[in-house]
$ cat start-v6.cif   # mmCIF, C-alpha atoms and all ligand atoms
data_run
#
loop_
_atom_site.label_atom_id
_atom_site.label_comp_id
_atom_site.auth_asym_id
_atom_site.auth_seq_id
_atom_site.Cartn_x
_atom_site.Cartn_y
_atom_site.Cartn_z
CA MET A 1 113.51 2.41 -6.21
CA LYS A 2 114.23 4.23 -2.97
CA ALA A 3 117.84 4.72 -1.88
CA VAL A 4 119.97 6.67 0.61
CA VAL A 5 121.83 9.36 -1.32
CA TYR A 6 124.79 11.51 -0.19
CA GLN A 7 123.94 15.18 -0.75
CA GLY A 8 126.84 16.90 1.04
CA PRO A 9 128.42 17.02 4.50
CA GLU A 10 125.97 15.84 7.17
CA ASP A 11 123.24 15.58 4.60
CA VAL A 12 121.82 12.28 3.36
CA ALA A 13 118.32 11.82 1.96
CA VAL A 14 116.10 8.97 0.86
CA LYS A 15 115.32 9.54 -2.81
CA GLU A 16 113.94 7.83 -5.90
CA VAL A 17 116.80 6.58 -8.11
CA PRO A 18 116.82 4.32 -11.20
CA ASP A 19 116.20 0.65 -10.34
CA ALA A 20 119.24 -1.60 -9.92
CA ARG A 21 119.24 -4.06 -12.82
CA VAL A 22 121.33 -6.79 -14.41
CA GLU A 23 123.82 -4.96 -16.65
CA ASN A 24 126.30 -7.75 -17.35
CA PRO A 25 125.64 -11.50 -17.74
CA THR A 26 127.54 -12.25 -14.51
CA ASP A 27 125.48 -9.76 -12.42
CA ALA A 28 122.77 -10.51 -9.91
CA VAL A 29 120.29 -8.11 -8.37
CA VAL A 30 119.68 -8.54 -4.66
CA ARG A 31 116.52 -7.36 -2.91
CA ILE A 32 117.89 -5.90 0.29
CA THR A 33 116.39 -7.11 3.55
CA THR A 34 118.97 -5.55 5.87
CA THR A 35 121.68 -2.94 5.25
CA ASN A 36 123.77 -1.37 7.99
CA ILE A 37 125.25 2.07 8.60
CA CYS A 38 129.01 1.72 9.14
CA GLY A 39 131.65 3.88 10.82
CA SER A 40 133.22 4.03 7.36
CA ASP A 41 130.08 5.77 6.08
CA LEU A 42 130.66 8.46 8.70
CA HIS A 43 133.97 9.51 7.09
CA MET A 44 131.87 10.35 4.00
CA TYR A 45 128.96 11.76 6.01
CA GLU A 46 131.30 14.16 7.81
CA GLY A 47 132.65 15.43 4.49
CA ARG A 48 136.07 13.85 5.06
CA THR A 49 136.25 12.09 1.68
CA SER A 50 135.90 13.09 -1.96
CA VAL A 51 132.66 11.13 -2.44
CA GLU A 52 130.50 12.73 -5.11
CA GLU A 53 127.07 14.17 -4.36
CA GLY A 54 124.31 11.85 -5.52
CA LYS A 55 126.20 8.66 -4.61
CA VAL A 56 123.97 5.86 -3.28
CA LEU A 57 125.59 4.75 0.00
CA GLY A 58 125.74 1.38 1.73
CA HIS A 59 128.30 -1.43 1.66
CA GLU A 60 126.96 -3.73 4.44
CA ASN A 61 124.24 -5.56 2.58
CA MET A 62 122.24 -8.76 2.67
CA GLY A 63 119.04 -9.93 1.07
CA VAL A 64 117.45 -12.28 -1.41
CA VAL A 65 118.46 -12.78 -5.05
CA GLU A 66 115.83 -11.07 -7.19
CA ALA A 67 117.31 -11.57 -10.67
CA VAL A 68 120.38 -13.14 -12.25
CA GLY A 69 122.19 -12.60 -15.56
CA ALA A 70 122.53 -15.35 -18.16
CA GLY A 71 126.07 -16.12 -16.99
CA VAL A 72 125.17 -16.80 -13.36
CA SER A 73 125.04 -20.54 -12.66
CA ARG A 74 125.69 -21.12 -8.95
CA LEU A 75 122.99 -18.84 -7.54
CA LYS A 76 119.33 -18.66 -8.31
CA VAL A 77 116.44 -16.33 -7.74
CA GLY A 78 115.17 -16.67 -4.16
CA ASP A 79 118.55 -17.52 -2.57
CA ARG A 80 119.27 -15.67 0.67
CA VAL A 81 122.73 -14.11 0.51
CA SER A 82 125.28 -11.94 2.27
CA VAL A 83 127.08 -9.44 0.02
CA PRO A 84 130.74 -8.88 0.98
CA PHE A 85 131.57 -5.17 0.86
CA ASN A 86 134.54 -5.91 -1.42
CA ILE A 87 133.73 -6.37 -5.10
CA GLY A 88 136.12 -8.97 -6.52
CA CYS A 89 136.59 -10.05 -10.12
CA GLY A 90 137.55 -13.54 -8.96
CA THR A 91 140.36 -13.97 -11.48
CA CYS A 92 143.05 -11.33 -10.83
CA ARG A 93 146.21 -12.11 -8.91
CA ASN A 94 144.94 -10.71 -5.61
CA CYS A 95 141.47 -12.31 -5.84
CA VAL A 96 143.00 -15.69 -6.65
CA HIS A 97 145.14 -15.44 -3.52
CA GLY A 98 142.20 -14.49 -1.30
CA TRP A 99 142.85 -10.74 -1.22
CA THR A 100 139.56 -9.59 -2.75
CA SER A 101 139.93 -6.29 -0.88
CA PHE A 102 142.76 -5.51 -3.29
CA CYS A 103 141.18 -6.77 -6.51
CA THR A 104 143.25 -5.23 -9.30
CA ARG A 105 140.45 -5.10 -11.86
CA MET A 106 137.21 -3.79 -10.36
CA ASN A 107 138.36 -0.29 -9.38
CA PRO A 108 138.95 1.87 -12.46
CA ILE A 109 140.92 4.51 -10.51
CA GLU A 110 144.60 4.33 -11.51
CA GLY A 111 146.74 3.05 -8.64
CA MET A 112 143.77 2.03 -6.45
CA ASP A 113 143.30 -1.71 -5.93
CA GLY A 114 140.04 -2.78 -4.30
CA ALA A 115 136.43 -1.90 -5.06
CA ALA A 116 133.33 -1.58 -2.90
CA TYR A 117 129.67 -0.61 -3.04
CA GLY A 118 128.64 2.98 -2.33
CA TYR A 119 132.03 4.23 -1.23
CA ALA A 120 134.42 7.09 -2.01
CA ASN A 121 137.26 6.14 -4.39
CA MET A 122 136.15 2.51 -4.52
CA GLY A 123 134.70 2.52 -8.02
CA PRO A 124 131.45 3.52 -9.73
CA TYR A 125 129.25 1.05 -7.82
CA ASP A 126 126.02 2.06 -6.14
CA GLY A 127 125.46 1.12 -2.52
CA GLY A 128 122.83 -1.09 -0.98
CA GLN A 129 121.10 1.31 1.39
CA ALA A 130 118.31 0.92 -1.13
CA GLU A 131 115.57 -1.48 -2.11
CA PHE A 132 117.82 -3.30 -4.60
CA LEU A 133 121.54 -3.71 -5.30
CA ARG A 134 123.43 -4.78 -8.42
CA VAL A 135 126.16 -7.31 -7.59
CA PRO A 136 128.89 -7.86 -10.21
CA HIS A 137 130.42 -11.36 -10.58
CA ALA A 138 127.64 -12.70 -8.41
CA ASP A 139 128.68 -16.36 -8.47
CA PHE A 140 132.07 -15.39 -7.08
CA ASN A 141 131.07 -12.68 -4.61
CA LEU A 142 127.86 -13.79 -2.93
CA LEU A 143 127.73 -15.99 0.18
CA GLU A 144 124.69 -18.23 0.57
CA LEU A 145 122.80 -18.19 3.85
CA PRO A 146 120.22 -20.59 5.24
CA GLU A 147 116.79 -19.55 3.96
CA GLY A 148 114.25 -17.73 6.13
CA ARG A 149 114.77 -14.83 8.53
CA GLU A 150 116.68 -16.61 11.29
CA HIS A 151 119.93 -14.99 12.55
CA GLU A 152 119.25 -11.90 10.37
CA ASN A 153 120.96 -9.52 12.85
CA ASP A 154 123.99 -11.82 13.14
CA PHE A 155 124.29 -12.60 9.44
CA THR A 156 124.12 -8.91 8.55
CA MET A 157 127.52 -8.47 10.23
CA LEU A 158 129.08 -10.89 7.70
CA SER A 159 129.23 -8.34 4.87
CA ASP A 160 131.87 -6.26 6.65
CA ILE A 161 132.47 -5.73 10.33
CA PHE A 162 132.58 -9.28 11.71
CA PRO A 163 135.17 -10.35 9.09
CA THR A 164 136.90 -6.97 9.54
CA GLY A 165 137.21 -7.40 13.30
CA TRP A 166 138.40 -10.97 12.73
CA HIS A 167 140.92 -9.71 10.16
CA GLY A 168 142.28 -7.14 12.62
CA VAL A 169 143.00 -9.94 15.09
CA GLU A 170 144.43 -12.14 12.33
CA LEU A 171 146.76 -9.31 11.18
CA SER A 172 147.99 -8.89 14.75
CA GLY A 173 149.25 -12.49 14.69
CA MET A 174 147.26 -13.49 17.78
CA VAL A 175 147.52 -17.07 19.04
CA PRO A 176 145.45 -18.66 21.84
CA GLY A 177 146.54 -17.47 25.26
CA ASP A 178 147.62 -13.99 24.09
CA ASP A 179 146.54 -10.78 25.79
CA VAL A 180 145.03 -8.37 23.26
CA ALA A 181 144.29 -4.63 23.36
CA VAL A 182 141.61 -3.37 20.98
CA PHE A 183 141.47 0.42 20.50
CA GLY A 184 137.97 1.59 19.60
CA ALA A 185 134.74 0.09 20.92
CA GLY A 186 132.70 1.03 17.89
CA PRO A 187 131.13 -1.82 15.94
CA VAL A 188 134.48 -2.85 14.43
CA GLY A 189 136.33 -2.83 17.75
CA LEU A 190 133.55 -4.83 19.39
CA MET A 191 133.73 -7.37 16.56
CA ALA A 192 137.51 -7.57 17.01
CA ALA A 193 137.03 -8.23 20.72
CA HIS A 194 134.38 -10.90 19.99
CA SER A 195 136.76 -12.48 17.46
CA ALA A 196 139.78 -12.46 19.78
CA LEU A 197 137.73 -14.18 22.50
CA LEU A 198 136.43 -16.76 20.00
CA LYS A 199 140.03 -17.38 18.91
CA GLY A 200 141.12 -18.08 22.48
CA ALA A 201 142.65 -14.85 23.75
CA ALA A 202 143.51 -14.92 27.45
CA ARG A 203 142.37 -11.35 28.09
CA VAL A 204 140.98 -8.68 25.78
CA PHE A 205 141.18 -5.00 26.77
CA VAL A 206 138.90 -2.63 24.87
CA VAL A 207 139.68 1.09 24.89
CA ASP A 208 137.14 3.85 24.23
CA LYS A 209 135.50 6.72 26.08
CA GLU A 210 131.86 5.97 25.26
CA ALA A 211 130.35 4.34 28.35
CA ASP A 212 127.62 2.44 26.48
CA ARG A 213 130.13 0.88 24.08
CA LEU A 214 132.48 -0.06 26.92
CA ARG A 215 129.55 -1.73 28.70
CA LEU A 216 128.92 -3.84 25.60
CA ALA A 217 132.58 -4.86 25.54
CA GLU A 218 132.30 -5.89 29.18
CA SER A 219 129.11 -7.83 28.45
CA ILE A 220 131.02 -10.26 26.19
CA GLY A 221 133.87 -10.76 28.67
CA ALA A 222 136.34 -8.07 27.60
CA ILE A 223 137.98 -5.64 30.05
CA PRO A 224 136.83 -2.05 29.43
CA VAL A 225 139.41 0.76 29.52
CA ASP A 226 138.07 4.33 29.58
CA PHE A 227 140.63 6.65 27.99
CA SER A 228 138.85 9.72 29.33
CA ALA A 229 139.55 8.48 32.89
CA GLY A 230 143.34 8.27 32.39
CA ASP A 231 146.09 7.23 30.00
CA PRO A 232 144.91 3.92 28.48
CA VAL A 233 148.51 2.70 28.07
CA GLU A 234 149.15 3.14 31.80
CA GLN A 235 145.86 1.46 32.69
CA ILE A 236 146.66 -1.60 30.57
CA THR A 237 150.33 -1.71 31.60
CA GLU A 238 149.28 -1.78 35.23
CA GLN A 239 146.87 -4.67 34.63
CA THR A 240 149.57 -6.67 32.77
CA ARG A 241 152.17 -6.16 35.53
CA GLY A 242 154.27 -3.84 33.41
CA ARG A 243 154.59 -6.23 30.49
CA GLY A 244 152.00 -4.86 28.10
CA VAL A 245 149.88 -6.96 25.76
CA ASP A 246 150.97 -9.45 23.10
CA ARG A 247 148.75 -8.05 20.35
CA GLY A 248 146.96 -4.84 19.48
CA VAL A 249 144.12 -4.01 17.11
CA GLU A 250 143.48 -0.53 15.73
CA ALA A 251 139.72 -0.07 15.21
CA VAL A 252 139.52 3.74 15.31
CA GLY A 253 141.05 5.18 12.13
CA TYR A 254 142.39 8.56 11.01
CA GLN A 255 139.86 10.61 12.95
CA ALA A 256 141.24 9.38 16.32
CA HIS A 257 140.76 11.96 19.00
CA ASP A 258 141.71 12.81 22.59
CA PRO A 259 139.17 12.92 25.44
CA ALA A 260 138.38 16.57 24.60
CA GLY A 261 137.48 15.56 21.03
CA ASP A 262 140.55 17.12 19.33
CA GLU A 263 141.86 14.99 16.48
CA HIS A 264 145.33 13.41 16.61
CA PRO A 265 145.72 10.95 13.73
CA GLU A 266 148.88 9.44 15.31
CA LEU A 267 147.42 8.97 18.79
CA VAL A 268 146.16 5.39 18.59
CA LEU A 269 149.14 4.12 16.58
CA ASP A 270 151.46 5.60 19.23
CA ASN A 271 149.44 4.03 22.05
CA LEU A 272 149.58 0.63 20.35
CA VAL A 273 153.35 0.84 19.89
CA LYS A 274 153.67 1.64 23.61
CA VAL A 275 151.28 -0.96 24.96
CA VAL A 276 152.23 -3.95 22.78
CA ARG A 277 155.26 -5.86 24.08
CA SER A 278 158.49 -6.13 22.08
CA THR A 279 158.12 -8.50 19.09
CA GLY A 280 154.32 -8.30 19.45
CA GLY A 281 151.96 -7.60 16.55
CA ILE A 282 149.52 -4.86 15.59
CA GLY A 283 146.55 -5.22 13.20
CA VAL A 284 145.26 -1.95 11.75
CA VAL A 285 141.75 -2.09 10.31
CA GLY A 286 140.74 1.45 11.28
CA VAL A 287 140.95 3.41 8.02
CA TYR A 288 143.79 5.80 7.10
CA VAL A 289 143.75 7.68 3.81
CA PRO A 290 146.35 9.11 1.42
CA GLN A 291 144.48 12.42 1.04
CA ASP A 292 142.51 14.11 3.81
CA PRO A 293 141.98 17.81 3.07
CA GLY A 294 140.13 18.17 6.41
CA ALA A 295 143.11 16.91 8.46
CA VAL A 296 144.54 18.88 11.37
CA THR A 297 148.18 18.93 10.18
CA GLU A 298 149.75 19.73 6.79
CA GLY A 299 151.36 16.28 6.71
CA ALA A 300 148.16 14.42 7.50
CA LYS A 301 146.42 16.20 4.60
CA GLN A 302 148.80 14.10 2.42
CA GLY A 303 148.41 10.94 4.50
CA ARG A 304 151.74 11.58 6.28
CA ILE A 305 151.06 10.77 9.89
CA GLY A 306 153.88 11.31 12.40
CA TRP A 307 153.64 8.17 14.53
CA ASP A 308 156.45 6.61 16.56
CA TYR A 309 158.05 4.41 13.93
CA GLY A 310 161.35 4.56 15.84
CA THR A 311 159.99 2.75 18.89
CA PHE A 312 158.01 0.39 16.66
CA PHE A 313 161.27 -0.64 14.97
CA THR A 314 163.26 -0.79 18.20
CA LYS A 315 160.65 -3.10 19.76
CA GLY A 316 160.74 -5.39 16.73
CA GLN A 317 157.00 -5.19 16.33
CA SER A 318 155.09 -6.10 13.21
CA MET A 319 152.04 -4.44 11.68
CA GLY A 320 149.43 -5.51 9.17
CA THR A 321 147.03 -3.06 7.54
CA GLY A 322 144.24 -2.56 5.08
CA GLN A 323 140.68 -3.26 4.08
CA ALA A 324 139.46 -6.69 5.12
CA PRO A 325 139.19 -9.45 2.49
CA VAL A 326 135.72 -10.53 3.63
CA MET A 327 135.60 -13.75 1.59
CA ARG A 328 138.63 -15.13 3.43
CA TYR A 329 136.49 -15.52 6.54
CA ASN A 330 132.78 -15.13 5.86
CA ARG A 331 131.94 -18.81 5.27
CA GLN A 332 133.52 -19.94 8.52
CA LEU A 333 132.02 -17.03 10.47
CA ARG A 334 128.58 -17.82 9.03
CA ASP A 335 128.95 -21.38 10.28
CA LEU A 336 130.03 -20.20 13.74
CA ILE A 337 126.78 -18.21 13.84
CA VAL A 338 124.67 -21.17 12.69
CA ALA A 339 126.35 -23.35 15.32
CA GLY A 340 125.49 -20.78 18.00
CA ARG A 341 129.13 -20.08 18.86
CA ALA A 342 129.29 -16.53 17.44
CA THR A 343 126.65 -13.87 18.12
CA PRO A 344 127.85 -10.68 16.40
CA GLY A 345 124.30 -9.27 16.49
CA PHE A 346 124.85 -8.35 20.13
CA ILE A 347 125.91 -4.84 19.01
CA VAL A 348 122.64 -4.01 17.23
CA SER A 349 120.95 -1.07 18.92
CA HIS A 350 118.48 0.24 16.32
CA GLU A 351 116.48 -1.20 13.45
CA LEU A 352 114.87 1.45 11.24
CA PRO A 353 112.95 1.56 7.98
CA LEU A 354 114.98 3.01 5.08
CA ASP A 355 113.04 6.28 5.31
CA GLN A 356 114.58 6.96 8.72
CA ALA A 357 118.16 6.63 7.46
CA PRO A 358 118.89 10.36 7.97
CA GLU A 359 117.97 10.01 11.66
CA GLY A 360 120.14 6.89 11.90
CA TYR A 361 123.14 8.68 10.39
CA ARG A 362 122.72 11.73 12.64
CA ASN A 363 122.51 9.80 15.89
CA PHE A 364 125.23 7.26 15.04
CA ASP A 365 127.53 10.10 13.92
CA ASP A 366 126.93 12.02 17.15
CA ARG A 367 127.65 8.80 19.09
CA VAL A 368 124.42 9.46 20.95
CA GLU A 369 124.26 7.19 24.01
CA GLY A 370 122.92 3.79 22.98
CA TRP A 371 123.31 4.23 19.18
CA THR A 372 125.90 1.48 18.66
CA LYS A 373 124.85 -0.10 15.38
CA VAL A 374 122.01 0.90 13.12
CA LEU A 375 120.33 -1.54 10.72
CA LEU A 376 118.04 -0.35 7.95
CA HIS A 377 115.27 -2.58 6.60
CA PRO A 378 114.18 -1.31 3.16
N1 LIG A 401 139.59 -2.22 7.21
C1 LIG A 401 138.33 -2.44 6.90
O1 LIG A 401 138.02 -3.29 6.06
C2 LIG A 401 137.25 -1.65 7.58
C3 LIG A 401 135.92 -2.08 7.52
C4 LIG A 401 134.93 -1.39 8.25
C5 LIG A 401 135.30 -0.27 8.97
N2 LIG A 401 136.60 0.14 8.99
C6 LIG A 401 137.05 1.31 9.78
O2 LIG A 401 137.14 0.93 11.15
C7 LIG A 401 137.03 2.11 11.94
C8 LIG A 401 136.01 1.89 13.05
O3 LIG A 401 134.73 1.66 12.50
P1 LIG A 401 133.43 1.69 13.42
O4 LIG A 401 132.25 1.36 12.58
O5 LIG A 401 133.66 0.91 14.64
O6 LIG A 401 133.42 3.27 13.72
P2 LIG A 401 132.99 4.18 14.96
O7 LIG A 401 133.33 5.55 14.51
O8 LIG A 401 131.61 3.87 15.39
O9 LIG A 401 133.96 3.73 16.14
C9 LIG A 401 135.19 4.31 16.41
C10 LIG A 401 135.34 4.35 17.92
O10 LIG A 401 136.67 4.81 18.22
C11 LIG A 401 136.60 5.57 19.39
N3 LIG A 401 137.81 6.38 19.52
C12 LIG A 401 138.08 7.61 19.00
N4 LIG A 401 139.32 8.02 19.39
C13 LIG A 401 139.83 7.02 20.15
C14 LIG A 401 141.05 6.86 20.86
N5 LIG A 401 141.99 7.82 20.85
N6 LIG A 401 141.27 5.71 21.55
C15 LIG A 401 140.32 4.73 21.57
N7 LIG A 401 139.11 4.84 20.93
C16 LIG A 401 138.89 5.98 20.24
C17 LIG A 401 135.32 6.37 19.23
O11 LIG A 401 134.83 6.85 20.48
C18 LIG A 401 134.37 5.33 18.61
O12 LIG A 401 133.61 4.65 19.56
C19 LIG A 401 136.68 3.24 10.99
O13 LIG A 401 137.86 3.93 10.61
C20 LIG A 401 136.13 2.50 9.79
O14 LIG A 401 136.27 3.25 8.59
C21 LIG A 401 137.56 -0.54 8.31
ZN ZN A 402 131.35 -1.12 6.86
ZN ZN A 403 140.14 -9.39 -8.74
#

$ encode --input "start-v6.cif" --output "structure tokens" --more "lines below"
Ligand SMILES: NC(=O)c1ccc[n+]([C@@H]2O[C@H](COP(=O)([O-])OP(=O)(O)OC[C@H]3O[C@@H](n4cnc5c(N)ncnc54)[C@H](O)[C@@H]3O)[C@@H](O)[C@H]2O)c1
Ligand SMILES: [Zn+2]
Ligand SMILES: [Zn+2]
Amino acid sequence: MKAVVYQGPEDVAVKEVPDARVENPTDAVVRITTTNICGSDLHMYEGRTSVEEGKVLGHENMGVVEAVGAGVSRLKVGDRVSVPFNIGCGTCRNCVHGWTSFCTRMNPIEGMDGAAYGYANMGPYDGGQAEFLRVPHADFNLLELPEGREHENDFTMLSDIFPTGWHGVELSGMVPGDDVAVFGAGPVGLMAAHSALLKGAARVFVVDKEADRLRLAESIGAIPVDFSAGDPVEQITEQTRGRGVDRGVEAVGYQAHDPAGDEHPELVLDNLVKVVRSTGGIGVVGVYVPQDPGAVTEGAKQGRIGWDYGTFFTKGQSMGTGQAPVMRYNRQLRDLIVAGRATPGFIVSHELPLDQAPEGYRNFDDRVEGWTKVLLHP
């Protein structure tokens, strides 16, 4: 089968690899209809992870069940499904409590809880930027979708970024009527803004410097804040009459940068601590890593990021972090899509055949104007 393979920094290729197949009785194989390129893939693409060459990428997958193992009873061949990026065993302590993003059994790396498809340090699983994908514990992991092709561009956000954006808002502790600041207007930040509005936020500020992404934020009713035009904290403080916002969401991650493009891994965390009111909450879904050999400071190479913990404590703020447990939310978010209340597909800018994945990666990584979210159709 054809698949997108990591070959080294800024180098992915579409290659022939062995077919995905049922290896365990609880596996299914999914024929991929849509698979997205994610901002998380860019950390690997830019050579900022330890992902091995030859890895098949892709953790935002959906498609149709092609084959099932003898132990699969809930799903059958022909079912249309969304594949959460987390791979859960379904029976460990964290899975049982709804924290499939911290499954204690599926990632063989000592000390690392949580597994995913096609990702650095997340276990030996191939990704779904390919014609087919093997899904372990299929009955547990897969989400059924209405048959056909309807809502494809909305449903494809259910494997990761719509639940991730929702989770960022959830972690912030938002309640209806809150003002929220989302840092990052990439796909995840835009999904967080969409989620906060669906959950009844009074006002949602979205901070970025990319004009096209800020325009998309504005198009759904959020207030765009351009950090290249002035300090985003001052801009938001002014618009909240000095009070700041109730909640903040971090949707940027460890490669946060200033308007000139220089990296400052503490920058967004510091801005959130400043702009969120005392006793407010912060949800961090942008990724931070324990080892980053390409980091700008010695500390950050070991995951030690010098952010303003002192002010965070003094303001009595709270913070939630981590990979999103997709299954906590994906059923409800699917039903919001079916009911016409949620439309996460509004961020889709490009739909390409699998063969054009290298072009998709290049343009999305360069944040070329208009390349907001790239879908691949194998
Ligand atoms: N926790 C999870 O489960 C999960 C899931 C998916 C993605 N992620 C992570 O979420 C993050 C965002 O993903 P994405 O797909 O939107 O990526 P992206 O790279 O497309 O978007 C990041 C955006 O942040 C902006 N940005 C950079 N510095 C900034 C700053 N100082 N202030 C405000 N904005 C700034 C960039 O201009 C860009 O538009 C990544 O770190 C990704 O790995 C986490
Ligand atoms: Zn993703
Ligand atoms: Zn588990």

$ residues_around --input "start-v6.cif" --residues "segment 293-309 of chain A" --least-positions-apart "4" --cutoff "6 Å" --atoms "all atoms listed in the file" --output "list in words"
Glu266, Asp270 and Val289 of chain A

$ axis_aligned_box --input "start-v6.cif" --around "ligand LIG 401 (chain A)" --padding-each-side "6 Å" --output "JSON"
{"center_x": 136.8, "center_y": 2.4, "center_z": 13.8, "size_x": 22.4, "size_y": 23.3, "size_z": 27.5}

$ residues_near_ligand --input "start-v6.cif" --ligand "ligand ZN 402 (chain A)" --cutoff "6 Å" --atoms "all atoms listed in the file" --output "JSON, numbers by chain"
{"A": [38, 40, 60, 160, 161]}

$ residues_near_ligand --input "start-v6.cif" --ligand "ligand LIG 401 (chain A)" --cutoff "8 Å" --atoms "all atoms listed in the file" --output "JSON, numbers by chain"
{"A": [38, 39, 40, 41, 42, 43, 101, 160, 161, 164, 165, 168, 183, 184, 185, 186, 187, 188, 189, 190, 207, 208, 209, 210, 213, 227, 250, 251, 252, 253, 254, 255, 256, 257, 258, 259, 261, 263, 264, 267, 268, 284, 285, 286, 287, 288, 321, 322, 323, 324, 325, 326, 364, 365, 367, 372, 373]}

$ residues_near_ligand --input "start-v6.cif" --ligand "ligand ZN 403 (chain A)" --cutoff "7 Å" --atoms "only C-alpha atoms and all ligand atoms" --output "VMD selection string"
chain A and resid 88 to 95 100 103 to 106

$ closest_residue --input "start-v6.cif" --among "A:Val5, A:Val81, A:Ala181, A:Ala260" --to "Gly58 of chain A" --atoms "only C-alpha atoms"
A:Val5

$ closest_residue --input "start-v6.cif" --among "A:Gln332, A:Gln239, A:Thr35, A:Asn271" --to "Ser159 of chain A" --atoms "only C-alpha atoms"
A:Thr35

$ closest_residue --input "start-v6.cif" --among "A:Pro84, A:Pro290, A:Gly340, A:Gly248" --to "Glu150 of chain A" --atoms "all atoms listed in the file"
A:Gly340

$ atom_distance --input "start-v6.cif" --atom1 "atom CA of Met157 of chain A" --atom2 "atom CA of Glu369 of chain A"
21.1 Å

$ decode --input "start-v6.cif" --residues "segment 343-356 of chain A" --atoms "N, CA and C atoms" --output "PDB file, in the first residue's frame"
ATOM      1  N   THR A 343     -19.574  22.941  13.305  1.00  0.00           N
ATOM      2  CA  THR A 343     -19.099  22.870  11.907  1.00  0.00           C
ATOM      3  C   THR A 343     -17.575  22.987  11.860  1.00  0.00           C
ATOM      4  N   PRO A 344     -16.868  22.043  12.491  1.00  0.00           N
ATOM      5  CA  PRO A 344     -15.409  22.179  12.592  1.00  0.00           C
ATOM      6  C   PRO A 344     -14.698  22.179  11.242  1.00  0.00           C
ATOM      7  N   GLY A 345     -15.381  21.725  10.187  1.00  0.00           N
ATOM      8  CA  GLY A 345     -14.767  21.709   8.859  1.00  0.00           C
ATOM      9  C   GLY A 345     -14.516  23.099   8.288  1.00  0.00           C
ATOM     10  N   PHE A 346     -14.919  24.134   9.017  1.00  0.00           N
ATOM     11  CA  PHE A 346     -14.716  25.489   8.477  1.00  0.00           C
ATOM     12  C   PHE A 346     -13.240  25.839   8.312  1.00  0.00           C
ATOM     13  N   ILE A 347     -12.352  25.079   8.958  1.00  0.00           N
ATOM     14  CA  ILE A 347     -10.909  25.398   8.846  1.00  0.00           C
ATOM     15  C   ILE A 347     -10.243  24.748   7.635  1.00  0.00           C
ATOM     16  N   VAL A 348     -10.942  23.829   6.962  1.00  0.00           N
ATOM     17  CA  VAL A 348     -10.291  23.099   5.857  1.00  0.00           C
ATOM     18  C   VAL A 348      -9.930  24.055   4.726  1.00  0.00           C
ATOM     19  N   SER A 349      -8.662  24.039   4.332  1.00  0.00           N
ATOM     20  CA  SER A 349      -8.257  24.907   3.220  1.00  0.00           C
ATOM     21  C   SER A 349      -7.857  24.109   1.987  1.00  0.00           C
ATOM     22  N   HIS A 350      -7.331  22.891   2.183  1.00  0.00           N
ATOM     23  CA  HIS A 350      -6.836  22.115   1.043  1.00  0.00           C
ATOM     24  C   HIS A 350      -7.185  20.648   1.194  1.00  0.00           C
ATOM     25  N   GLU A 351      -7.610  20.054   0.079  1.00  0.00           N
ATOM     26  CA  GLU A 351      -7.846  18.613   0.021  1.00  0.00           C
ATOM     27  C   GLU A 351      -6.998  18.058  -1.109  1.00  0.00           C
ATOM     28  N   LEU A 352      -6.055  17.175  -0.765  1.00  0.00           N
ATOM     29  CA  LEU A 352      -5.089  16.684  -1.739  1.00  0.00           C
ATOM     30  C   LEU A 352      -5.112  15.158  -1.801  1.00  0.00           C
ATOM     31  N   PRO A 353      -4.741  14.600  -2.960  1.00  0.00           N
ATOM     32  CA  PRO A 353      -4.521  13.149  -2.986  1.00  0.00           C
ATOM     33  C   PRO A 353      -3.264  12.820  -2.167  1.00  0.00           C
ATOM     34  N   LEU A 354      -3.151  11.570  -1.705  1.00  0.00           N
ATOM     35  CA  LEU A 354      -2.016  11.180  -0.859  1.00  0.00           C
ATOM     36  C   LEU A 354      -0.672  11.526  -1.508  1.00  0.00           C
ATOM     37  N   ASP A 355      -0.598  11.357  -2.829  1.00  0.00           N
ATOM     38  CA  ASP A 355       0.651  11.615  -3.551  1.00  0.00           C
ATOM     39  C   ASP A 355       1.178  13.029  -3.339  1.00  0.00           C
ATOM     40  N   GLN A 356       0.272  13.957  -3.050  1.00  0.00           N
ATOM     41  CA  GLN A 356       0.721  15.354  -2.880  1.00  0.00           C
ATOM     42  C   GLN A 356       0.993  15.713  -1.423  1.00  0.00           C
TER      43      GLN A 356
END
